[in-house]
Amino acid sequence: SGGWTTWKPLWMCGHGLSDSTVGIIGLGRIGQAVARRLKPFGVRRFLYTGSGPKPESAAEFGAEFGTAVMLRHTREGQSSAQAVLGPGAQLSEVTQAVSCPGRGAVVNQQDLYEALAQGQIAAAGLDVTTPEPLPTDHPLLSLQNCVVLPHIGSATYATRGTMAVLAARNLLAGLRGEPMPSELAL
């Protein structure tokens with residue numbers, strides 16, 4: 001697109017992770033893995049949200065629950081990990097935002113767009129959106145400080161191989177009339 005030019009002092013500069021505050025939406029297995037990978041880069045503070053505090057998991061990172069994001073409830077009244085990134089969410093301290101993969105609506109995308117566009121959040125990386133994929137004219141895709149991936153968190157040869165073995169074990173157990181080792185309870 002012709003975006004490359006001659007060198008300029010601030011060309012291609014962005015925010016670093018050193019001495020930053022990172023907001024993680026959901027401190028489950030994947031959220032913890034993200035925090036574990038970010039910690040060596042000098043992250044000063046981790047904030048997280050989810051269905052409730054996880055003091056045992058949070059202790060490894062010194063993470064604080066619920067200070068950067070708030071929970072909302074779904075129409076059915078069930079707790080949702082949808083982050084409200086608008087007024088009242090205390091975003092002034094969040095210098096980086098990382099949205100962890102999940103299911104369904106994880107981030108209130110309109111509020112996230114506004115916070116990114118207004119500079120309340122320096123940057124966001126999303127692997128999960130609603131809908132998937134986002135329409136090509138979605139406002140988040142117009143931002144330079146937002147990276148949207150096509151839900152490819154599992155796109156490694158090792159992970160896909162593990163998924164295939166897991167599915168095969170479930171299939172064989174089901175055919176034998178045995179409990180499936182990795183059954184998804186609905």
# chains A, B, ... in the order shown; residues from 1 in each chain; ligands from 1
>>> residues_around(residues="region 135-151 of chain A", least_positions_apart="4", cutoff="7 Å", atoms="only C-alpha atoms", output="PyMOL selection string")
chain A and resi 113+122-128
>>> closest_residue(among="A:Arg169, A:Gly174, A:Gln109, A:Ala115", to="Leu134 (chain A)", atoms="only C-alpha atoms")
A:Gln109
>>> residues_around(residues="Ala63 (chain A)", least_positions_apart="6", cutoff="8 Å", atoms="only C-alpha atoms", output="ChimeraX atom specification")
/A:45-48
>>> write_last_selection(atoms="C-alpha atoms", output="PDB file, in the first residue's frame")
ATOM      1  CA  ARG A  45       0.993  -5.185  36.643  1.00  0.00           C
ATOM      2  CA  PHE A  46      -1.578  -7.748  35.500  1.00  0.00           C
ATOM      3  CA  LEU A  47      -5.301  -7.070  35.815  1.00  0.00           C
ATOM      4  CA  TYR A  48      -7.848  -9.748  34.993  1.00  0.00           C
TER       5      TYR A  48
END
>>> atom_distance(atom1="CA of Leu17 (chain A)", atom2="CA of Phe65 (chain A)")
19.7 Å
>>> atom_distance(atom1="CA of Ser154 (chain A)", atom2="CA of Val34 (chain A)")
13.4 Å
>>> closest_residue(among="A:Leu112, A:Val107, A:Leu175, A:Ile121", to="Thr21 (chain A)", atoms="only C-alpha atoms")
A:Ile121
>>> residues_around(residues="Leu27 (chain A)", least_positions_apart="2", cutoff="9 Å", atoms="only C-alpha atoms", output="PyMOL selection string")
chain A and resi 24-25+29-33+35+48-50+53-54+57-58+100
>>> atom_distance(atom1="CA of Thr156 (chain A)", atom2="CA of Arg37 (chain A)")
16.7 Å
